[in-house]
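S.K.: Provided herewith: start-v4.cif, mmCIF, C-alpha atoms and all ligand atoms.
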```cif
data_query
#
loop_
_atom_site.group_PDB
_atom_site.id
_atom_site.type_symbol
_atom_site.label_atom_id
_atom_site.label_comp_id
_atom_site.auth_asym_id
_atom_site.auth_seq_id
_atom_site.Cartn_x
_atom_site.Cartn_y
_atom_site.Cartn_z
ATOM 1 C CA MET A 8 136.836 53.279 172.927
ATOM 2 C CA CYS A 9 138.798 55.875 170.968
ATOM 3 C CA ASP A 10 136.545 58.758 169.873
ATOM 4 C CA VAL A 11 138.719 59.553 166.872
ATOM 5 C CA CYS A 12 139.070 56.230 165.043
ATOM 6 C CA LEU A 13 136.312 54.352 166.912
ATOM 7 C CA LYS A 14 138.651 51.453 167.648
ATOM 8 C CA ASP A 15 138.029 49.598 170.832
ATOM 9 C CA LYS A 16 140.639 48.913 173.507
ATOM 10 C CA GLU A 17 143.655 50.031 171.484
ATOM 11 C CA HIS A 18 144.471 53.448 172.866
ATOM 12 C CA TRP A 19 142.905 56.492 174.471
ATOM 13 C CA THR A 20 141.409 59.246 172.350
ATOM 14 C CA ASP A 21 144.326 61.566 173.182
ATOM 15 C CA GLU A 22 146.829 59.002 171.962
ATOM 16 C CA CYS A 23 145.146 58.214 168.692
ATOM 17 C CA PRO A 24 147.716 57.998 165.878
ATOM 18 C CA TYR A 25 145.099 59.461 163.509
ATOM 19 C CA LEU A 26 145.539 62.840 165.186
ATOM 20 C CA VAL A 27 149.027 62.872 163.696
ATOM 21 C CA ARG A 28 148.726 60.893 160.487
ATOM 22 C CA ILE A 29 146.261 58.706 158.601
ATOM 23 C CA PRO A 30 148.132 56.770 155.901
ATOM 24 C CA ASN A 31 144.954 55.450 154.226
ATOM 25 C CA PRO A 32 142.504 58.316 154.740
ATOM 26 C CA MET A 33 139.904 57.115 152.255
ATOM 27 C CA GLU A 34 139.486 53.838 154.115
ATOM 28 C CA VAL A 35 138.935 55.086 157.625
ATOM 29 C CA THR A 36 135.859 56.295 159.456
ATOM 30 C CA LEU A 37 136.295 58.997 162.036
ATOM 31 C CA GLY A 38 134.147 59.687 165.069
ATOM 32 C CA LYS A 39 131.600 62.408 164.473
ATOM 33 C CA GLY A 40 133.433 64.954 166.623
ATOM 34 C CA TYR A 41 136.436 64.793 164.326
ATOM 35 C CA GLU A 42 137.067 65.893 160.782
ATOM 36 C CA LEU A 43 139.441 64.483 158.207
ATOM 37 C CA VAL A 44 141.857 67.017 156.762
ATOM 38 C CA CYS A 45 144.823 66.698 154.422
ATOM 39 C CA ALA A 46 147.933 66.334 156.588
ATOM 40 C CA HIS A 47 149.927 68.481 154.163
ATOM 41 C CA CYS A 48 147.703 71.382 153.155
ATOM 42 C CA ASN A 49 144.946 71.069 155.824
ATOM 43 C CA VAL A 50 142.094 71.128 153.311
ATOM 44 C CA LYS A 51 138.916 69.867 155.010
ATOM 45 C CA GLY A 52 137.781 66.469 153.856
ATOM 46 C CA GLY A 53 141.145 65.829 152.241
ATOM 47 C CA HIS A 54 141.486 64.861 148.588
ATOM 48 C CA SER A 55 140.063 61.980 146.623
ATOM 49 C CA ASP A 56 142.061 58.894 145.788
ATOM 50 C CA ILE A 57 141.688 59.463 142.062
ATOM 51 C CA VAL A 58 145.032 60.027 140.374
ATOM 52 C CA GLY A 59 145.294 63.666 139.370
ATOM 53 C CA THR A 60 143.407 64.972 142.382
ATOM 54 C CA GLN A 61 146.342 64.536 144.700
ATOM 55 C CA CYS A 62 147.508 67.169 147.104
ATOM 56 C CA ASN A 63 149.267 70.139 145.501
ATOM 57 C CA TRP A 64 151.819 69.816 148.263
ATOM 58 C CA TRP A 65 153.237 66.800 146.440
ATOM 59 C CA GLY A 66 153.928 68.904 143.371
ATOM 60 C CA GLY A 67 151.458 66.955 141.286
ATOM 61 C CA ASN A 68 153.414 63.707 141.472
ATOM 62 C CA PRO A 69 150.690 61.101 140.828
ATOM 63 C CA ASN A 70 152.641 58.341 142.539
ATOM 64 C CA ARG A 71 152.448 60.000 145.924
ATOM 65 C CA ARG A 72 149.290 59.369 147.888
ATOM 66 C CA TRP A 73 148.069 62.105 150.143
ATOM 67 C CA GLU A 74 147.874 61.458 153.829
ATOM 68 C CA GLY A 75 145.226 62.646 156.221
ATOM 69 C CA ARG A 76 144.976 63.756 159.781
ATOM 70 C CA ALA A 77 142.063 63.983 162.199
ATOM 71 C CA ILE A 78 141.309 67.342 163.761
ATOM 72 C CA ILE A 79 138.847 67.980 166.558
ATOM 73 C CA LYS A 80 135.862 70.093 165.551
ATOM 74 C CA VAL A 81 135.750 73.436 167.337
ATOM 75 C CA CYS A 82 132.623 75.569 167.524
ATOM 76 C CA GLY A 83 132.770 79.330 167.065
ATOM 77 C CA ILE A 84 129.313 79.841 168.585
ATOM 78 C CA CYS A 85 129.354 78.111 171.983
ATOM 79 C CA GLU A 86 133.153 77.648 172.005
ATOM 80 C CA GLY A 87 132.604 73.978 172.604
ATOM 81 C CA VAL A 88 134.369 71.138 170.826
ATOM 82 C CA LEU A 89 133.329 68.089 168.794
ATOM 83 C CA HIS A 90 131.115 70.071 166.402
ATOM 84 C CA TRP A 91 131.448 72.926 163.914
ATOM 85 C CA SER A 92 129.519 76.185 164.243
ATOM 86 C CA ALA A 93 127.125 74.998 161.523
ATOM 87 C CA GLU A 94 126.324 71.895 163.591
ATOM 88 C CA CYS A 95 126.038 73.721 166.912
ATOM 89 C CA PRO A 96 123.164 72.449 169.066
ATOM 90 C CA ASN A 97 123.090 75.829 170.830
ATOM 91 C CA LYS A 98 122.898 77.789 167.597
ATOM 92 C CA ASP A 99 119.178 78.584 167.887
ATOM 93 C CA SER A 100 119.080 79.272 171.604
ATOM 94 C CA LEU A 101 121.572 82.131 171.405
ATOM 95 C CA PRO A 102 120.157 85.620 170.819
ATOM 96 C CA LYS A 103 120.437 86.655 167.201
ATOM 97 C CA PRO A 104 121.692 90.121 166.308
ATOM 98 C CA LYS A 105 118.780 92.351 165.318
ATOM 99 C CA SER A 106 118.157 92.951 161.664
ATOM 100 C CA LEU A 107 117.888 96.463 160.205
ATOM 101 C CA LEU A 108 114.172 95.938 159.642
ATOM 102 C CA GLU A 109 113.616 95.035 163.280
ATOM 103 C CA CYS A 110 115.532 98.125 164.374
ATOM 104 C CA ALA A 111 113.481 100.326 162.054
ATOM 105 C CA ALA A 112 110.230 98.856 163.391
ATOM 106 C CA GLU A 113 111.369 99.501 166.961
ATOM 107 C CA TYR A 114 112.307 103.050 166.111
ATOM 108 C CA ARG A 115 108.901 103.666 164.515
ATOM 109 C CA SER A 116 107.027 102.343 167.562
ATOM 110 C CA TRP A 117 109.231 104.477 169.808
ATOM 111 C CA LEU A 118 108.347 107.527 167.705
ATOM 112 C CA ALA A 119 104.646 106.605 167.998
ATOM 113 C CA THR A 120 104.818 106.584 171.789
ATOM 114 C CA LYS A 121 106.375 110.058 171.656
ATOM 115 C CA LYS A 122 103.489 111.346 169.565
ATOM 116 C CA CYS A 123 100.907 110.004 171.990
ATOM 117 C CA GLN A 124 102.370 111.857 174.931
ATOM 118 C CA ALA A 125 100.528 114.972 175.979
ATOM 119 C CA ALA A 126 102.384 118.135 175.078
HETATM 120 ZN ZN ZN B 1 142.126 56.070 167.776
HETATM 121 ZN ZN ZN B 2 146.474 68.411 150.584
HETATM 122 ZN ZN ZN B 3 128.538 74.983 169.545
#
```
Would you mind writing the file out in structure tokens?

M.R.:
Amino acid sequence: MCDVCLKDKEHWTDECPYLVRIPNPMEVTLGKGYELVCAHCNVKGGHSDIVGTQCNWWGGNPNRRWEGRAIIKVCGICEGVLHWSAECPNKDSLPKPKSLLECAAEYRSWLATKKCQAA
């Protein structure tokens, strides 16, 4: 099965025509590892089919329909693919950078240990 367009027995995921062009983007469902973007201006989710909300790339010509394209989701957190950073399953298991408050608390407890030491 193709992971992009979810069609069975037509082509491999790598050969999916949706990765290049989707002529009827509002009528297709993409696999969850892929995101629909406008093929012309790359805006995520594309445009709506309502006349007047077409892609600016067309110069506002209401007779031109926008076309989409499927892009693979890439994660900035685990550097994996098929999900965005916001959807990362590893998001919570990675160490978070310390907040200023946490640093201040650590500094205060470090100072306290200094005070307790015998002079
Ligand atoms: Zn496909
Ligand atoms: Zn566009
Ligand atoms: Zn990730």

S.K.: Residues within 12 Å of ligand ZN 2 (chain B) should be enumerated using all atoms listed in the file and returned as a list in words.

M.R.: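 The neighbouring residues of ligand ZN 2 (chain B) are, in order, Pro32, Leu43, Val44, Cys45, Ala46, His47, Cys48, Asn49, Val50, Lys51, Gly52, Gly53, His54, Ser55, Asp56, Thr60, Gln61, Cys62, Asn63, Trp64, Trp65, Gly66, Gly67, Arg71, Arg72, Trp73, Glu74, Gly75 and Arg76 of chain A.
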
S.K.: Hey, can you check how far CA of Val35 (chain A) sits from CA of Cys82 (chain A)?

M.R.: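 Answer for the CA of Val35 (chain A) to CA of Cys82 (chain A) separation: 23.6 Å.
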
S.K.: How would you write, as an NGL selection string, the set of residues no farther than 12 Å from ligand ZN 3 (chain B) when counting all atoms listed in the file?

M.R.: :A and (40 or 80-101)

S.K.: Mind giving me the straight-line distance from CA of Ser116 (chain A) to CA of Pro102 (chain A) in Å, one decimal?

M.R.: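 Result for CA of Ser116 (chain A) versus CA of Pro102 (chain A): 21.5 Å, one decimal.
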
S.K.: Interatomic distance between CA of Cys23 (chain A) and CA of Glu42 (chain A)?

M.R.: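 Computing the Euclidean distance for CA of Cys23 (chain A) and CA of Glu42 (chain A) yields 13.7 Å.
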
S.K.: Return as a PyMOL selection string the set of residues that the PyMOL selection byres (((not hetatm)) within 9 of (chain B and resi 1)) yields on the displayed structure.

M.R.: chain A and resi 8-15+17-26+37

S.K.: Can you list, as a list in words, the residues that the PyMOL selection byres (((chain A and resi 78) around 6) and not hetatm) selects here?

M.R.: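 Output from the PyMOL selection byres (((chain A and resi 78) around 6) and not hetatm), applied to this file: Tyr41, Glu42, Ala77 and Ile79 of chain A.
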
S.K.: Mind giving me the axis-aligned box for region 35-43 of chain A with 8 Å on every side, centre plus edges in Å to one decimal, as lines of an AutoDock Vina configuration file?

M.R.:
```
center_x = 135.5
center_y = 60.5
center_z = 162.1
size_x = 23.8
size_y = 26.8
size_z = 25.0
```

S.K.: Working from the structure I just supplied, which lacks atoms in region 15-51 of chain A, can you model N, CA and C atoms there and output them as a PDB file, keeping the file's coordinate frame?

M.R.:
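Result file follows (part_19.pdb):
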```
ATOM      1  N   ASP A  15     138.258  49.975 169.453  1.00  0.00           N
ATOM      2  CA  ASP A  15     138.029  49.598 170.832  1.00  0.00           C
ATOM      3  C   ASP A  15     139.321  49.089 171.462  1.00  0.00           C
ATOM      4  N   LYS A  16     139.572  49.505 172.695  1.00  0.00           N
ATOM      5  CA  LYS A  16     140.639  48.913 173.507  1.00  0.00           C
ATOM      6  C   LYS A  16     142.036  48.990 172.907  1.00  0.00           C
ATOM      7  N   GLU A  17     142.306  49.931 172.034  1.00  0.00           N
ATOM      8  CA  GLU A  17     143.655  50.031 171.484  1.00  0.00           C
ATOM      9  C   GLU A  17     144.449  51.164 172.112  1.00  0.00           C
ATOM     10  N   HIS A  18     143.796  52.287 172.274  1.00  0.00           N
ATOM     11  CA  HIS A  18     144.471  53.448 172.866  1.00  0.00           C
ATOM     12  C   HIS A  18     143.407  54.434 173.313  1.00  0.00           C
ATOM     13  N   TRP A  19     143.824  55.437 174.075  1.00  0.00           N
ATOM     14  CA  TRP A  19     142.905  56.492 174.471  1.00  0.00           C
ATOM     15  C   TRP A  19     142.754  57.476 173.312  1.00  0.00           C
ATOM     16  N   THR A  20     141.674  58.246 173.376  1.00  0.00           N
ATOM     17  CA  THR A  20     141.409  59.246 172.350  1.00  0.00           C
ATOM     18  C   THR A  20     142.609  60.186 172.150  1.00  0.00           C
ATOM     19  N   ASP A  21     143.198  60.634 173.257  1.00  0.00           N
ATOM     20  CA  ASP A  21     144.326  61.566 173.182  1.00  0.00           C
ATOM     21  C   ASP A  21     145.550  60.978 172.502  1.00  0.00           C
ATOM     22  N   GLU A  22     145.635  59.659 172.494  1.00  0.00           N
ATOM     23  CA  GLU A  22     146.829  59.002 171.962  1.00  0.00           C
ATOM     24  C   GLU A  22     146.592  58.438 170.578  1.00  0.00           C
ATOM     25  N   CYS A  23     145.478  58.801 169.988  1.00  0.00           N
ATOM     26  CA  CYS A  23     145.146  58.214 168.692  1.00  0.00           C
ATOM     27  C   CYS A  23     146.172  58.618 167.636  1.00  0.00           C
ATOM     28  N   PRO A  24     146.746  57.659 166.925  1.00  0.00           N
ATOM     29  CA  PRO A  24     147.716  57.998 165.878  1.00  0.00           C
ATOM     30  C   PRO A  24     147.094  58.796 164.734  1.00  0.00           C
ATOM     31  N   TYR A  25     145.762  58.725 164.590  1.00  0.00           N
ATOM     32  CA  TYR A  25     145.099  59.461 163.509  1.00  0.00           C
ATOM     33  C   TYR A  25     145.182  60.965 163.702  1.00  0.00           C
ATOM     34  N   LEU A  26     145.412  61.401 164.939  1.00  0.00           N
ATOM     35  CA  LEU A  26     145.539  62.840 165.186  1.00  0.00           C
ATOM     36  C   LEU A  26     146.829  63.380 164.574  1.00  0.00           C
ATOM     37  N   VAL A  27     147.753  62.478 164.290  1.00  0.00           N
ATOM     38  CA  VAL A  27     149.027  62.872 163.696  1.00  0.00           C
ATOM     39  C   VAL A  27     149.042  62.535 162.210  1.00  0.00           C
ATOM     40  N   ARG A  28     148.615  61.328 161.864  1.00  0.00           N
ATOM     41  CA  ARG A  28     148.726  60.893 160.487  1.00  0.00           C
ATOM     42  C   ARG A  28     147.765  59.746 160.198  1.00  0.00           C
ATOM     43  N   ILE A  29     147.101  59.813 159.063  1.00  0.00           N
ATOM     44  CA  ILE A  29     146.261  58.706 158.601  1.00  0.00           C
ATOM     45  C   ILE A  29     146.797  58.286 157.242  1.00  0.00           C
ATOM     46  N   PRO A  30     147.504  57.145 157.171  1.00  0.00           N
ATOM     47  CA  PRO A  30     148.132  56.770 155.901  1.00  0.00           C
ATOM     48  C   PRO A  30     147.139  56.354 154.814  1.00  0.00           C
ATOM     49  N   ASN A  31     145.950  55.899 155.212  1.00  0.00           N
ATOM     50  CA  ASN A  31     144.954  55.450 154.226  1.00  0.00           C
ATOM     51  C   ASN A  31     143.640  56.170 154.467  1.00  0.00           C
ATOM     52  N   PRO A  32     143.649  57.496 154.294  1.00  0.00           N
ATOM     53  CA  PRO A  32     142.504  58.316 154.740  1.00  0.00           C
ATOM     54  C   PRO A  32     141.167  57.956 154.105  1.00  0.00           C
ATOM     55  N   MET A  33     141.182  57.410 152.893  1.00  0.00           N
ATOM     56  CA  MET A  33     139.904  57.115 152.255  1.00  0.00           C
ATOM     57  C   MET A  33     139.272  55.837 152.804  1.00  0.00           C
ATOM     58  N   GLU A  34     140.011  55.113 153.622  1.00  0.00           N
ATOM     59  CA  GLU A  34     139.486  53.838 154.115  1.00  0.00           C
ATOM     60  C   GLU A  34     139.108  53.877 155.589  1.00  0.00           C
ATOM     61  N   VAL A  35     139.226  55.034 156.198  1.00  0.00           N
ATOM     62  CA  VAL A  35     138.935  55.086 157.625  1.00  0.00           C
ATOM     63  C   VAL A  35     137.650  55.866 157.894  1.00  0.00           C
ATOM     64  N   THR A  36     137.030  55.547 159.008  1.00  0.00           N
ATOM     65  CA  THR A  36     135.859  56.295 159.456  1.00  0.00           C
ATOM     66  C   THR A  36     136.227  56.984 160.761  1.00  0.00           C
ATOM     67  N   LEU A  37     135.972  58.264 160.814  1.00  0.00           N
ATOM     68  CA  LEU A  37     136.295  58.997 162.036  1.00  0.00           C
ATOM     69  C   LEU A  37     135.043  59.194 162.882  1.00  0.00           C
ATOM     70  N   GLY A  38     135.247  59.353 164.171  1.00  0.00           N
ATOM     71  CA  GLY A  38     134.147  59.687 165.069  1.00  0.00           C
ATOM     72  C   GLY A  38     133.536  61.010 164.656  1.00  0.00           C
ATOM     73  N   LYS A  39     132.280  61.244 165.042  1.00  0.00           N
ATOM     74  CA  LYS A  39     131.600  62.408 164.473  1.00  0.00           C
ATOM     75  C   LYS A  39     132.067  63.740 165.046  1.00  0.00           C
ATOM     76  N   GLY A  40     132.871  63.710 166.099  1.00  0.00           N
ATOM     77  CA  GLY A  40     133.433  64.954 166.623  1.00  0.00           C
ATOM     78  C   GLY A  40     134.729  65.357 165.943  1.00  0.00           C
ATOM     79  N   TYR A  41     135.147  64.548 164.974  1.00  0.00           N
ATOM     80  CA  TYR A  41     136.436  64.793 164.326  1.00  0.00           C
ATOM     81  C   TYR A  41     136.269  64.908 162.828  1.00  0.00           C
ATOM     82  N   GLU A  42     137.159  65.666 162.220  1.00  0.00           N
ATOM     83  CA  GLU A  42     137.067  65.893 160.782  1.00  0.00           C
ATOM     84  C   GLU A  42     138.378  65.479 160.134  1.00  0.00           C
ATOM     85  N   LEU A  43     138.263  64.861 158.966  1.00  0.00           N
ATOM     86  CA  LEU A  43     139.441  64.483 158.207  1.00  0.00           C
ATOM     87  C   LEU A  43     139.966  65.693 157.435  1.00  0.00           C
ATOM     88  N   VAL A  44     141.245  65.967 157.577  1.00  0.00           N
ATOM     89  CA  VAL A  44     141.857  67.017 156.762  1.00  0.00           C
ATOM     90  C   VAL A  44     143.096  66.437 156.102  1.00  0.00           C
ATOM     91  N   CYS A  45     143.570  67.108 155.056  1.00  0.00           N
ATOM     92  CA  CYS A  45     144.823  66.698 154.422  1.00  0.00           C
ATOM     93  C   CYS A  45     145.958  67.061 155.381  1.00  0.00           C
ATOM     94  N   ALA A  46     146.845  66.106 155.629  1.00  0.00           N
ATOM     95  CA  ALA A  46     147.933  66.334 156.588  1.00  0.00           C
ATOM     96  C   ALA A  46     148.940  67.351 156.057  1.00  0.00           C
ATOM     97  N   HIS A  47     148.909  67.614 154.757  1.00  0.00           N
ATOM     98  CA  HIS A  47     149.927  68.481 154.163  1.00  0.00           C
ATOM     99  C   HIS A  47     149.428  69.898 153.939  1.00  0.00           C
ATOM    100  N   CYS A  48     148.195  70.034 153.448  1.00  0.00           N
ATOM    101  CA  CYS A  48     147.703  71.382 153.155  1.00  0.00           C
ATOM    102  C   CYS A  48     146.480  71.737 153.994  1.00  0.00           C
ATOM    103  N   ASN A  49     146.041  70.812 154.872  1.00  0.00           N
ATOM    104  CA  ASN A  49     144.946  71.069 155.824  1.00  0.00           C
ATOM    105  C   ASN A  49     143.579  71.282 155.192  1.00  0.00           C
ATOM    106  N   VAL A  50     143.409  70.935 153.915  1.00  0.00           N
ATOM    107  CA  VAL A  50     142.094  71.128 153.311  1.00  0.00           C
ATOM    108  C   VAL A  50     141.100  70.161 153.967  1.00  0.00           C
ATOM    109  N   LYS A  51     139.930  70.663 154.327  1.00  0.00           N
ATOM    110  CA  LYS A  51     138.916  69.867 155.010  1.00  0.00           C
ATOM    111  C   LYS A  51     138.392  68.781 154.102  1.00  0.00           C
TER     112      LYS A  51
END
```
